[in-house]
Amino acid sequence: MTAKPAASAPAAGASRDAASERSRSRWHTSERTLEVAATVLLGLASLATAWSAYQARQWTGIQASETGRATAARISVNRDTAAANRSLQIDVATFIQWVNAHEEHRDALAAFYAARFRPQLRTAFVAWLAARPFTSKSAPKTPFGLPQYRLSASARADRSELAAAAHAQAAKDANQRADNYMLAVVLFASALFFAGISTKLELAGPRTTLVALGWVIFLGALVWLATLPVQLTT
């Protein structure tokens with residue numbers, strides 16, 4: 001009866017050794033898994049950070065380009081508006097002289113001024129005379145309010161104004177996209193930080209938490225990144 005306890009002691013020791021070996025094996029497996037997870041996260045986050053920084057630079061360049069185009073278009077607006085104002089002043093002055101000559105019955109002088117009307121005024125002037133302005137109360141007061149009176153410089157100014165607005169909006173959109181990519185850079189850099197700092201810790205619990213947090217930030221930023229427009233240099 002005394003031989004049974006003596007025989008069970010080696011068996012118990014062997015069982016404890018096996019359990020300890022399994023525990024060490026699980027610990028090493030967990031360590032390798034964390035190392036692989038951190039290493040893969042470091043690599044992917046580094047690539048994503050570089051890509052986001054590249055895209056931010058691309059959209060910043062587009063913003064600058066569109067801003068320059070908007071500025072050039074606004075300069076054209078000012079130039080064409082000034083030209084239109086000068087043309088209008090010339091037309092108004094010439095028309096007033098014609099009216100004065102007409103009212104004074106100086107037909108030769110009136111014909112002199114009429115012959116010097118600019119093409120845009122001449123077209124509207126003919127339409128205005130057809131409305132019998134000197135006898136009809138419903139006739140337009142001057143030819144300048146008629147649709148036939150069109151200044152090419154004013155039309156150019158309107159087109160330039162539309163172009164300036166379009167380029168300004170494109171610059172605003174590009175700026176927003178550049179800001180979005182810079183935010184992506186910050187998020188991927190945060191994932192890099194958590195992955196990197198996890199390699200400096202010895203406790204498995206905090207390491208696992210940091211690696212998991214890094215992966216969550218990385219995957220969330222990656223999904224968001226997929227929704228952003230891409231600009232490549234051609």
# chains A, B, ... in the order shown; residues from 1 in each chain; ligands from 1
$ residues_around --residues "segment 40-48 of chain A" --least-positions-apart "4" --cutoff "10 Å" --atoms "only C-alpha atoms" --output "ChimeraX atom specification"
/A:34-36,52-54,184-185,187-196,211-212,214-215,217-219,221-222,225
$ residues_around --residues "Ala155 of chain A" --least-positions-apart "2" --cutoff "12 Å" --atoms "only C-alpha atoms" --output "ChimeraX atom specification"
/A:76-77,80-81,83-84,149-153,157-162
$ atom_distance --atom1 "atom CA of Leu121 of chain A" --atom2 "atom CA of Glu103 of chain A"
19.4 Å
$ residues_around --residues "Ala111 of chain A" --least-positions-apart "2" --cutoff "12 Å" --atoms "only C-alpha atoms" --output "PyMOL selection string"
chain A and resi 94-95+97-102+105-109+113-117
$ write_last_selection --atoms "C-alpha atoms" --output "PDB file, in the first residue's frame"
ATOM      1  CA  THR A  94     -21.845 109.708 -80.015  1.00  0.00           C
ATOM      2  CA  PHE A  95     -25.572 109.005 -79.663  1.00  0.00           C
ATOM      3  CA  GLN A  97     -24.393 114.210 -80.321  1.00  0.00           C
ATOM      4  CA  TRP A  98     -26.599 112.598 -82.952  1.00  0.00           C
ATOM      5  CA  VAL A  99     -29.749 113.413 -80.962  1.00  0.00           C
ATOM      6  CA  ASN A 100     -28.661 117.043 -80.558  1.00  0.00           C
ATOM      7  CA  ALA A 101     -27.919 117.351 -84.272  1.00  0.00           C
ATOM      8  CA  HIS A 102     -31.236 115.701 -85.131  1.00  0.00           C
ATOM      9  CA  HIS A 105     -32.329 119.708 -87.844  1.00  0.00           C
ATOM     10  CA  ARG A 106     -28.697 119.596 -88.806  1.00  0.00           C
ATOM     11  CA  ASP A 107     -29.045 116.556 -90.991  1.00  0.00           C
ATOM     12  CA  ALA A 108     -25.493 116.595 -92.324  1.00  0.00           C
ATOM     13  CA  LEU A 109     -24.050 116.654 -88.817  1.00  0.00           C
ATOM     14  CA  TYR A 113     -22.308 111.060 -86.205  1.00  0.00           C
ATOM     15  CA  ALA A 114     -24.481 108.175 -87.387  1.00  0.00           C
ATOM     16  CA  ALA A 115     -21.774 107.102 -89.813  1.00  0.00           C
ATOM     17  CA  ARG A 116     -19.386 106.833 -86.885  1.00  0.00           C
ATOM     18  CA  PHE A 117     -21.517 104.626 -84.715  1.00  0.00           C
TER      19      PHE A 117
END
$ select_by_dssp --residues "segment 139-220 of chain A" --states "alpha helix (DSSP H)" --output "PyMOL selection string"
chain A and resi 152-198+204-220
$ write_last_selection --atoms "C-alpha atoms" --output "PDB file, in the first residue's frame"
ATOM      1  CA  SER A 152     -18.483  91.861 -77.014  1.00  0.00           C
ATOM      2  CA  ALA A 153     -16.291  92.987 -74.111  1.00  0.00           C
ATOM      3  CA  SER A 154     -19.218  92.560 -71.704  1.00  0.00           C
ATOM      4  CA  ALA A 155     -19.852  89.063 -73.062  1.00  0.00           C
ATOM      5  CA  ARG A 156     -16.190  88.210 -72.560  1.00  0.00           C
ATOM      6  CA  ALA A 157     -16.333  89.614 -69.025  1.00  0.00           C
ATOM      7  CA  ASP A 158     -19.352  87.427 -68.243  1.00  0.00           C
ATOM      8  CA  ARG A 159     -17.593  84.329 -69.554  1.00  0.00           C
ATOM      9  CA  SER A 160     -14.463  85.198 -67.590  1.00  0.00           C
ATOM     10  CA  GLU A 161     -16.534  85.687 -64.445  1.00  0.00           C
ATOM     11  CA  LEU A 162     -18.048  82.218 -64.842  1.00  0.00           C
ATOM     12  CA  ALA A 163     -14.595  80.752 -65.458  1.00  0.00           C
ATOM     13  CA  ALA A 164     -13.207  82.521 -62.388  1.00  0.00           C
ATOM     14  CA  ALA A 165     -16.014  81.136 -60.232  1.00  0.00           C
ATOM     15  CA  ALA A 166     -15.431  77.625 -61.596  1.00  0.00           C
ATOM     16  CA  HIS A 167     -11.679  77.772 -60.969  1.00  0.00           C
ATOM     17  CA  ALA A 168     -12.221  79.200 -57.475  1.00  0.00           C
ATOM     18  CA  GLN A 169     -14.568  76.330 -56.639  1.00  0.00           C
ATOM     19  CA  ALA A 170     -12.083  73.815 -58.052  1.00  0.00           C
ATOM     20  CA  ALA A 171      -9.359  75.360 -55.869  1.00  0.00           C
ATOM     21  CA  LYS A 172     -11.631  75.108 -52.827  1.00  0.00           C
ATOM     22  CA  ASP A 173     -12.399  71.456 -53.570  1.00  0.00           C
ATOM     23  CA  ALA A 174      -8.710  70.670 -54.089  1.00  0.00           C
ATOM     24  CA  ASN A 175      -7.852  72.339 -50.791  1.00  0.00           C
ATOM     25  CA  GLN A 176     -10.450  70.228 -48.980  1.00  0.00           C
ATOM     26  CA  ARG A 177      -9.092  67.058 -50.571  1.00  0.00           C
ATOM     27  CA  ALA A 178      -5.551  67.990 -49.587  1.00  0.00           C
ATOM     28  CA  ASP A 179      -6.756  68.529 -46.008  1.00  0.00           C
ATOM     29  CA  ASN A 180      -8.483  65.136 -46.056  1.00  0.00           C
ATOM     30  CA  TYR A 181      -5.297  63.401 -47.163  1.00  0.00           C
ATOM     31  CA  MET A 182      -3.294  65.221 -44.497  1.00  0.00           C
ATOM     32  CA  LEU A 183      -5.751  63.939 -41.909  1.00  0.00           C
ATOM     33  CA  ALA A 184      -5.196  60.460 -43.336  1.00  0.00           C
ATOM     34  CA  VAL A 185      -1.455  60.993 -42.871  1.00  0.00           C
ATOM     35  CA  VAL A 186      -2.068  61.791 -39.204  1.00  0.00           C
ATOM     36  CA  LEU A 187      -4.244  58.694 -38.730  1.00  0.00           C
ATOM     37  CA  PHE A 188      -1.760  56.357 -40.398  1.00  0.00           C
ATOM     38  CA  ALA A 189       1.063  57.939 -38.410  1.00  0.00           C
ATOM     39  CA  SER A 190      -0.935  57.200 -35.240  1.00  0.00           C
ATOM     40  CA  ALA A 191      -1.232  53.569 -36.288  1.00  0.00           C
ATOM     41  CA  LEU A 192       2.515  53.535 -36.885  1.00  0.00           C
ATOM     42  CA  PHE A 193       3.101  54.954 -33.425  1.00  0.00           C
ATOM     43  CA  PHE A 194       0.995  52.303 -31.694  1.00  0.00           C
ATOM     44  CA  ALA A 195       2.612  49.519 -33.700  1.00  0.00           C
ATOM     45  CA  GLY A 196       6.083  50.829 -32.976  1.00  0.00           C
ATOM     46  CA  ILE A 197       5.583  51.412 -29.260  1.00  0.00           C
ATOM     47  CA  SER A 198       4.106  47.922 -28.847  1.00  0.00           C
ATOM     48  CA  ALA A 204       1.544  40.794 -23.504  1.00  0.00           C
ATOM     49  CA  GLY A 205      -1.638  42.572 -22.388  1.00  0.00           C
ATOM     50  CA  PRO A 206      -0.534  46.153 -23.157  1.00  0.00           C
ATOM     51  CA  ARG A 207       1.194  44.993 -26.356  1.00  0.00           C
ATOM     52  CA  THR A 208      -1.964  43.323 -27.583  1.00  0.00           C
ATOM     53  CA  THR A 209      -4.016  46.417 -26.760  1.00  0.00           C
ATOM     54  CA  LEU A 210      -1.675  48.761 -28.629  1.00  0.00           C
ATOM     55  CA  VAL A 211      -1.409  46.528 -31.691  1.00  0.00           C
ATOM     56  CA  ALA A 212      -5.189  46.080 -31.794  1.00  0.00           C
ATOM     57  CA  LEU A 213      -5.716  49.835 -31.436  1.00  0.00           C
ATOM     58  CA  GLY A 214      -3.231  50.466 -34.222  1.00  0.00           C
ATOM     59  CA  TRP A 215      -5.023  48.021 -36.514  1.00  0.00           C
ATOM     60  CA  VAL A 216      -8.417  49.575 -35.772  1.00  0.00           C
ATOM     61  CA  ILE A 217      -7.132  53.061 -36.632  1.00  0.00           C
ATOM     62  CA  PHE A 218      -5.373  51.772 -39.742  1.00  0.00           C
ATOM     63  CA  LEU A 219      -8.351  49.853 -41.100  1.00  0.00           C
ATOM     64  CA  GLY A 220     -10.762  52.716 -40.380  1.00  0.00           C
TER      65      GLY A 220
END
$ residues_around --residues "segment 137-144 of chain A" --least-positions-apart "4" --cutoff "8 Å" --atoms "only C-alpha atoms" --output "list in words"
Leu121, Ala124, Phe125, Ala127, Trp128, Ala131, Arg132, Pro133 and Tyr149 of chain A
$ atom_distance --atom1 "atom CA of Asp91 of chain A" --atom2 "atom CA of Gln120 of chain A"
8.9 Å
$ residues_around --residues "Val230 of chain A" --least-positions-apart "3" --cutoff "9 Å" --atoms "only C-alpha atoms" --output "ChimeraX atom specification"
/A:55,58-59
$ closest_residue --among "A:Thr123, A:Thr199, A:Thr233, A:Gln63" --to "Ala38 of chain A" --atoms "only C-alpha atoms"
A:Thr199
$ decode --residues "segment 79-121 of chain A" --atoms "N, CA and C atoms" --output "PDB file, in the first residue's frame"
ATOM      1  N   ARG A  79     -10.362  93.667 -66.982  1.00  0.00           N
ATOM      2  CA  ARG A  79      -9.926  94.265 -68.251  1.00  0.00           C
ATOM      3  C   ARG A  79     -11.093  94.393 -69.233  1.00  0.00           C
ATOM      4  N   ASP A  80     -11.887  93.337 -69.370  1.00  0.00           N
ATOM      5  CA  ASP A  80     -13.003  93.368 -70.313  1.00  0.00           C
ATOM      6  C   ASP A  80     -14.111  94.313 -69.837  1.00  0.00           C
ATOM      7  N   THR A  81     -14.315  94.383 -68.526  1.00  0.00           N
ATOM      8  CA  THR A  81     -15.314  95.314 -68.001  1.00  0.00           C
ATOM      9  C   THR A  81     -14.908  96.753 -68.278  1.00  0.00           C
ATOM     10  N   ALA A  82     -13.619  97.046 -68.090  1.00  0.00           N
ATOM     11  CA  ALA A  82     -13.125  98.405 -68.386  1.00  0.00           C
ATOM     12  C   ALA A  82     -13.287  98.717 -69.866  1.00  0.00           C
ATOM     13  N   ALA A  83     -12.985  97.735 -70.729  1.00  0.00           N
ATOM     14  CA  ALA A  83     -13.150  97.948 -72.178  1.00  0.00           C
ATOM     15  C   ALA A  83     -14.616  98.162 -72.533  1.00  0.00           C
ATOM     16  N   ALA A  84     -15.505  97.400 -71.883  1.00  0.00           N
ATOM     17  CA  ALA A  84     -16.935  97.568 -72.149  1.00  0.00           C
ATOM     18  C   ALA A  84     -17.409  98.939 -71.698  1.00  0.00           C
ATOM     19  N   ASN A  85     -16.926  99.408 -70.555  1.00  0.00           N
ATOM     20  CA  ASN A  85     -17.316 100.737 -70.069  1.00  0.00           C
ATOM     21  C   ASN A  85     -16.835 101.840 -71.010  1.00  0.00           C
ATOM     22  N   ARG A  86     -15.631 101.683 -71.528  1.00  0.00           N
ATOM     23  CA  ARG A  86     -15.126 102.678 -72.481  1.00  0.00           C
ATOM     24  C   ARG A  86     -15.978 102.686 -73.754  1.00  0.00           C
ATOM     25  N   SER A  87     -16.297 101.501 -74.240  1.00  0.00           N
ATOM     26  CA  SER A  87     -17.135 101.420 -75.442  1.00  0.00           C
ATOM     27  C   SER A  87     -18.509 102.027 -75.199  1.00  0.00           C
ATOM     28  N   LEU A  88     -19.068 101.769 -74.024  1.00  0.00           N
ATOM     29  CA  LEU A  88     -20.381 102.328 -73.696  1.00  0.00           C
ATOM     30  C   LEU A  88     -20.316 103.849 -73.631  1.00  0.00           C
ATOM     31  N   GLN A  89     -19.265 104.383 -73.042  1.00  0.00           N
ATOM     32  CA  GLN A  89     -19.123 105.837 -72.960  1.00  0.00           C
ATOM     33  C   GLN A  89     -19.027 106.460 -74.346  1.00  0.00           C
ATOM     34  N   ILE A  90     -18.273 105.806 -75.219  1.00  0.00           N
ATOM     35  CA  ILE A  90     -18.148 106.313 -76.593  1.00  0.00           C
ATOM     36  C   ILE A  90     -19.499 106.272 -77.300  1.00  0.00           C
ATOM     37  N   ASP A  91     -20.212 105.163 -77.150  1.00  0.00           N
ATOM     38  CA  ASP A  91     -21.517 105.024 -77.802  1.00  0.00           C
ATOM     39  C   ASP A  91     -22.517 106.055 -77.275  1.00  0.00           C
ATOM     40  N   VAL A  92     -22.528 106.240 -75.950  1.00  0.00           N
ATOM     41  CA  VAL A  92     -23.457 107.206 -75.366  1.00  0.00           C
ATOM     42  C   VAL A  92     -23.139 108.622 -75.848  1.00  0.00           C
ATOM     43  N   ALA A  93     -21.857 108.983 -75.842  1.00  0.00           N
ATOM     44  CA  ALA A  93     -21.475 110.327 -76.275  1.00  0.00           C
ATOM     45  C   ALA A  93     -21.822 110.557 -77.744  1.00  0.00           C
ATOM     46  N   THR A  94     -21.537 109.574 -78.585  1.00  0.00           N
ATOM     47  CA  THR A  94     -21.845 109.708 -80.015  1.00  0.00           C
ATOM     48  C   THR A  94     -23.349 109.790 -80.240  1.00  0.00           C
ATOM     49  N   PHE A  95     -24.112 108.991 -79.506  1.00  0.00           N
ATOM     50  CA  PHE A  95     -25.572 109.005 -79.663  1.00  0.00           C
ATOM     51  C   PHE A  95     -26.155 110.345 -79.215  1.00  0.00           C
ATOM     52  N   ILE A  96     -25.643 110.878 -78.119  1.00  0.00           N
ATOM     53  CA  ILE A  96     -26.140 112.182 -77.648  1.00  0.00           C
ATOM     54  C   ILE A  96     -25.865 113.264 -78.686  1.00  0.00           C
ATOM     55  N   GLN A  97     -24.705 113.222 -79.276  1.00  0.00           N
ATOM     56  CA  GLN A  97     -24.393 114.210 -80.321  1.00  0.00           C
ATOM     57  C   GLN A  97     -25.332 114.052 -81.515  1.00  0.00           C
ATOM     58  N   TRP A  98     -25.665 112.819 -81.841  1.00  0.00           N
ATOM     59  CA  TRP A  98     -26.599 112.598 -82.952  1.00  0.00           C
ATOM     60  C   TRP A  98     -27.976 113.149 -82.614  1.00  0.00           C
ATOM     61  N   VAL A  99     -28.442 112.910 -81.382  1.00  0.00           N
ATOM     62  CA  VAL A  99     -29.749 113.413 -80.962  1.00  0.00           C
ATOM     63  C   VAL A  99     -29.780 114.939 -81.010  1.00  0.00           C
ATOM     64  N   ASN A 100     -28.717 115.579 -80.536  1.00  0.00           N
ATOM     65  CA  ASN A 100     -28.661 117.043 -80.558  1.00  0.00           C
ATOM     66  C   ASN A 100     -28.710 117.564 -81.998  1.00  0.00           C
ATOM     67  N   ALA A 101     -27.927 116.920 -82.871  1.00  0.00           N
ATOM     68  CA  ALA A 101     -27.919 117.351 -84.272  1.00  0.00           C
ATOM     69  C   ALA A 101     -29.277 117.110 -84.918  1.00  0.00           C
ATOM     70  N   HIS A 102     -29.918 116.007 -84.577  1.00  0.00           N
ATOM     71  CA  HIS A 102     -31.236 115.701 -85.131  1.00  0.00           C
ATOM     72  C   HIS A 102     -32.268 116.713 -84.671  1.00  0.00           C
ATOM     73  N   GLU A 103     -32.251 117.055 -83.394  1.00  0.00           N
ATOM     74  CA  GLU A 103     -33.213 118.007 -82.867  1.00  0.00           C
ATOM     75  C   GLU A 103     -32.986 119.413 -83.424  1.00  0.00           C
ATOM     76  N   GLU A 104     -31.763 119.711 -83.778  1.00  0.00           N
ATOM     77  CA  GLU A 104     -31.449 121.020 -84.366  1.00  0.00           C
ATOM     78  C   GLU A 104     -31.626 121.008 -85.884  1.00  0.00           C
ATOM     79  N   HIS A 105     -32.103 119.864 -86.401  1.00  0.00           N
ATOM     80  CA  HIS A 105     -32.329 119.708 -87.844  1.00  0.00           C
ATOM     81  C   HIS A 105     -31.055 119.935 -88.663  1.00  0.00           C
ATOM     82  N   ARG A 106     -29.986 119.535 -88.097  1.00  0.00           N
ATOM     83  CA  ARG A 106     -28.697 119.596 -88.806  1.00  0.00           C
ATOM     84  C   ARG A 106     -28.427 118.191 -89.343  1.00  0.00           C
ATOM     85  N   ASP A 107     -29.065 117.920 -90.447  1.00  0.00           N
ATOM     86  CA  ASP A 107     -29.045 116.556 -90.991  1.00  0.00           C
ATOM     87  C   ASP A 107     -27.649 116.094 -91.374  1.00  0.00           C
ATOM     88  N   ALA A 108     -26.853 116.975 -91.914  1.00  0.00           N
ATOM     89  CA  ALA A 108     -25.493 116.595 -92.324  1.00  0.00           C
ATOM     90  C   ALA A 108     -24.664 116.190 -91.106  1.00  0.00           C
ATOM     91  N   LEU A 109     -24.801 116.973 -90.035  1.00  0.00           N
ATOM     92  CA  LEU A 109     -24.050 116.654 -88.817  1.00  0.00           C
ATOM     93  C   LEU A 109     -24.579 115.369 -88.188  1.00  0.00           C
ATOM     94  N   ALA A 110     -25.909 115.190 -88.219  1.00  0.00           N
ATOM     95  CA  ALA A 110     -26.483 113.957 -87.674  1.00  0.00           C
ATOM     96  C   ALA A 110     -25.991 112.744 -88.457  1.00  0.00           C
ATOM     97  N   ALA A 111     -25.950 112.881 -89.791  1.00  0.00           N
ATOM     98  CA  ALA A 111     -25.441 111.793 -90.619  1.00  0.00           C
ATOM     99  C   ALA A 111     -23.965 111.539 -90.332  1.00  0.00           C
ATOM    100  N   PHE A 112     -23.245 112.595 -90.036  1.00  0.00           N
ATOM    101  CA  PHE A 112     -21.811 112.460 -89.708  1.00  0.00           C
ATOM    102  C   PHE A 112     -21.629 111.582 -88.471  1.00  0.00           C
ATOM    103  N   TYR A 113     -22.420 111.854 -87.433  1.00  0.00           N
ATOM    104  CA  TYR A 113     -22.308 111.060 -86.205  1.00  0.00           C
ATOM    105  C   TYR A 113     -22.828 109.638 -86.416  1.00  0.00           C
ATOM    106  N   ALA A 114     -23.922 109.507 -87.148  1.00  0.00           N
ATOM    107  CA  ALA A 114     -24.481 108.175 -87.387  1.00  0.00           C
ATOM    108  C   ALA A 114     -23.505 107.287 -88.142  1.00  0.00           C
ATOM    109  N   ALA A 115     -22.741 107.884 -89.044  1.00  0.00           N
ATOM    110  CA  ALA A 115     -21.774 107.102 -89.813  1.00  0.00           C
ATOM    111  C   ALA A 115     -20.627 106.596 -88.944  1.00  0.00           C
ATOM    112  N   ARG A 116     -20.489 107.210 -87.779  1.00  0.00           N
ATOM    113  CA  ARG A 116     -19.386 106.833 -86.885  1.00  0.00           C
ATOM    114  C   ARG A 116     -19.842 106.002 -85.692  1.00  0.00           C
ATOM    115  N   PHE A 117     -21.070 105.553 -85.751  1.00  0.00           N
ATOM    116  CA  PHE A 117     -21.517 104.626 -84.715  1.00  0.00           C
ATOM    117  C   PHE A 117     -20.739 103.317 -84.812  1.00  0.00           C
ATOM    118  N   ARG A 118     -20.428 102.773 -83.673  1.00  0.00           N
ATOM    119  CA  ARG A 118     -19.795 101.449 -83.671  1.00  0.00           C
ATOM    120  C   ARG A 118     -20.818 100.411 -84.123  1.00  0.00           C
ATOM    121  N   PRO A 119     -20.364  99.262 -84.647  1.00  0.00           N
ATOM    122  CA  PRO A 119     -21.309  98.269 -85.187  1.00  0.00           C
ATOM    123  C   PRO A 119     -22.384  97.849 -84.192  1.00  0.00           C
ATOM    124  N   GLN A 120     -22.002  97.683 -82.908  1.00  0.00           N
ATOM    125  CA  GLN A 120     -22.986  97.258 -81.913  1.00  0.00           C
ATOM    126  C   GLN A 120     -24.070  98.318 -81.732  1.00  0.00           C
ATOM    127  N   LEU A 121     -23.657  99.604 -81.712  1.00  0.00           N
ATOM    128  CA  LEU A 121     -24.636 100.680 -81.562  1.00  0.00           C
ATOM    129  C   LEU A 121     -25.458 100.831 -82.834  1.00  0.00           C
TER     130      LEU A 121
END
